[in-house]
Amino acid sequence: MIRLLLADDEDLIRGALAALLELEPDLSVVGQAATSAAAVELTTRHRPDLAVLDLEMPPGDGLDAAAEIRTRLDIPIVLVTRHARPAVLRRALAVGIGGFVPKTTPASRLAEIIRDVYAGRRYVDSGIAAIALTENDCPLTLRELDVLRVARTGASAVEIAAAVHLAPGTVRNYLSTAMAKLGVTSRRAAARTAWEQGWI
């Protein structure tokens with residue numbers, strides 16, 4: 001029996017997926033979470049064999065939760081997403097995600113992918129992988145991405161500086177440079193663009 005934790009901020013989708021996966025004779029859902037923080041906490045508490053995480057889970061996202069879960073337990077993780085951006089795929093692979101699946105995947109196919117990932121294999125949706133091979137590289141530096149990742153929460157320059165251990169003036173410079181590179185006029189727009197492209 002493969003013991004699963006499911007995390008999705010949409011109750012209806014999470015409940016329906018749990019019910020469908022429970023119909024499989026070798027899958028058992030031992031926990032359900034609606035936030036990335038709850039996913040980490042419940043994974044630590046229930047110690048499932050595998051976690052299925054939604055990418056778009058506030059606060060933060062499924063990748064933040066995946067990184068924390070893998071640090072604590074190092075269990076396989078399947079990431080499901082409505083917006084399968086290729087840049088997110090690169091981040092997911094860097095975190096050690098075992099499966100990267102669009103939400104359009106049928107539950108029966110997801111069950112097969114879960115079994116494969118649990119057995120040590122990796123699954124990446126072929127459409128996402130094909131686009132990832134031709135996608136342009138991110139124009140932002142790692143530091144600019146760090147700053148925008150925090151800016152996405154609505155933090156001030158001083159708060160961003162404290163979070164990334166830089167001086168506020170340096171943070172403002174990084175924000176200005178990132179906005180110029182992305183052709184936007186506000187840090188909020190820059191952070192949104194970076195998120196939509198899957199860079200943060």
# chains A, B, ... in the order shown; residues from 1 in each chain; ligands from 1

$ select_by_dssp --residues "stretch 43-86 of chain A" --states "strand (DSSP E)" --output "PyMOL selection string"
chain A and resi 50-54+77-81

$ residues_around --residues "A:Ile97" --least-positions-apart "3" --cutoff "12 Å" --atoms "only C-alpha atoms" --output "ChimeraX atom specification"
/A:50-53,55,62-70,74-80,88-94,100-101,114,117-118,120-124

$ closest_residue --among "A:Asp54, A:Val147, A:Arg14, A:Pro139" --to "A:Pro102" --atoms "only C-alpha atoms"
A:Asp54

$ residues_around --residues "A:Trp195" --least-positions-apart "3" --cutoff "10 Å" --atoms "only C-alpha atoms" --output "list of chain:residue names"
A:Arg85, A:Ala87, A:Val88, A:Leu145, A:Leu148, A:Arg149, A:Arg152, A:Ala189, A:Ala190, A:Ala191, A:Arg192, A:Gly198, A:Trp199, A:Ile200

$ write_last_selection --atoms "N, CA and C atoms" --output "PDB file, in the first residue's frame"
ATOM      1  N   ARG A  85       4.243  25.752 -16.573  1.00  0.00           N
ATOM      2  CA  ARG A  85       5.269  26.563 -17.216  1.00  0.00           C
ATOM      3  C   ARG A  85       6.606  25.830 -17.225  1.00  0.00           C
ATOM      4  N   ALA A  87       9.654  26.887 -17.110  1.00  0.00           N
ATOM      5  CA  ALA A  87      10.637  27.361 -16.136  1.00  0.00           C
ATOM      6  C   ALA A  87      10.376  26.766 -14.760  1.00  0.00           C
ATOM      7  N   VAL A  88       9.102  26.524 -14.452  1.00  0.00           N
ATOM      8  CA  VAL A  88       8.774  25.878 -13.180  1.00  0.00           C
ATOM      9  C   VAL A  88       9.300  24.447 -13.182  1.00  0.00           C
ATOM     10  N   LEU A 145      16.191  37.470  -8.707  1.00  0.00           N
ATOM     11  CA  LEU A 145      15.096  36.523  -8.465  1.00  0.00           C
ATOM     12  C   LEU A 145      14.808  36.388  -6.977  1.00  0.00           C
ATOM     13  N   LEU A 148      12.816  39.457  -5.993  1.00  0.00           N
ATOM     14  CA  LEU A 148      11.444  39.426  -6.515  1.00  0.00           C
ATOM     15  C   LEU A 148      10.600  38.373  -5.828  1.00  0.00           C
ATOM     16  N   ARG A 149      11.219  37.275  -5.415  1.00  0.00           N
ATOM     17  CA  ARG A 149      10.483  36.222  -4.712  1.00  0.00           C
ATOM     18  C   ARG A 149       9.868  36.773  -3.424  1.00  0.00           C
ATOM     19  N   ARG A 152       7.124  39.558  -4.081  1.00  0.00           N
ATOM     20  CA  ARG A 152       5.808  39.015  -4.461  1.00  0.00           C
ATOM     21  C   ARG A 152       4.857  38.949  -3.269  1.00  0.00           C
ATOM     22  N   ALA A 189       4.622  44.371 -10.551  1.00  0.00           N
ATOM     23  CA  ALA A 189       4.517  43.843 -11.922  1.00  0.00           C
ATOM     24  C   ALA A 189       5.712  42.959 -12.257  1.00  0.00           C
ATOM     25  N   ALA A 190       6.903  43.350 -11.790  1.00  0.00           N
ATOM     26  CA  ALA A 190       8.092  42.529 -12.041  1.00  0.00           C
ATOM     27  C   ALA A 190       7.965  41.175 -11.363  1.00  0.00           C
ATOM     28  N   ALA A 191       7.508  41.188 -10.116  1.00  0.00           N
ATOM     29  CA  ALA A 191       7.338  39.928  -9.381  1.00  0.00           C
ATOM     30  C   ALA A 191       6.280  39.055 -10.036  1.00  0.00           C
ATOM     31  N   ARG A 192       5.186  39.687 -10.502  1.00  0.00           N
ATOM     32  CA  ARG A 192       4.131  38.929 -11.165  1.00  0.00           C
ATOM     33  C   ARG A 192       4.639  38.309 -12.467  1.00  0.00           C
ATOM     34  N   GLY A 198       7.469  31.451 -14.308  1.00  0.00           N
ATOM     35  CA  GLY A 198       7.971  30.298 -13.579  1.00  0.00           C
ATOM     36  C   GLY A 198       9.391  30.459 -13.077  1.00  0.00           C
ATOM     37  N   TRP A 199       9.893  31.689 -13.030  1.00  0.00           N
ATOM     38  CA  TRP A 199      11.284  31.915 -12.597  1.00  0.00           C
ATOM     39  C   TRP A 199      11.399  31.966 -11.092  1.00  0.00           C
ATOM     40  N   ILE A 200      10.310  32.294 -10.401  1.00  0.00           N
ATOM     41  CA  ILE A 200      10.339  32.333  -8.933  1.00  0.00           C
ATOM     42  C   ILE A 200       9.193  31.493  -8.387  1.00  0.00           C
TER      43      ILE A 200
END

$ atom_distance --atom1 "atom CA of A:Arg143" --atom2 "atom CA of A:Met179"
13.4 Å

$ closest_residue --among "A:Glu159, A:Glu41, A:Asp8, A:Asp26" --to "A:Pro58" --atoms "only C-alpha atoms"
A:Asp8

$ residues_around --residues "A:Asp9" --least-positions-apart "3" --cutoff "7 Å" --atoms "only C-alpha atoms" --output "PyMOL selection string"
chain A and resi 34-35+57

$ atom_distance --atom1 "atom CA of A:Leu73" --atom2 "atom CA of A:Val150"
25.8 Å

$ atom_distance --atom1 "atom CA of A:Arg172" --atom2 "atom CA of A:Glu196"
21.7 Å

$ select_by_dssp --residues "stretch 23-118 of chain A" --states "helix (DSSP H, G or I)" --output "ChimeraX atom specification"
/A:36-46,62-72,86-95,107-118
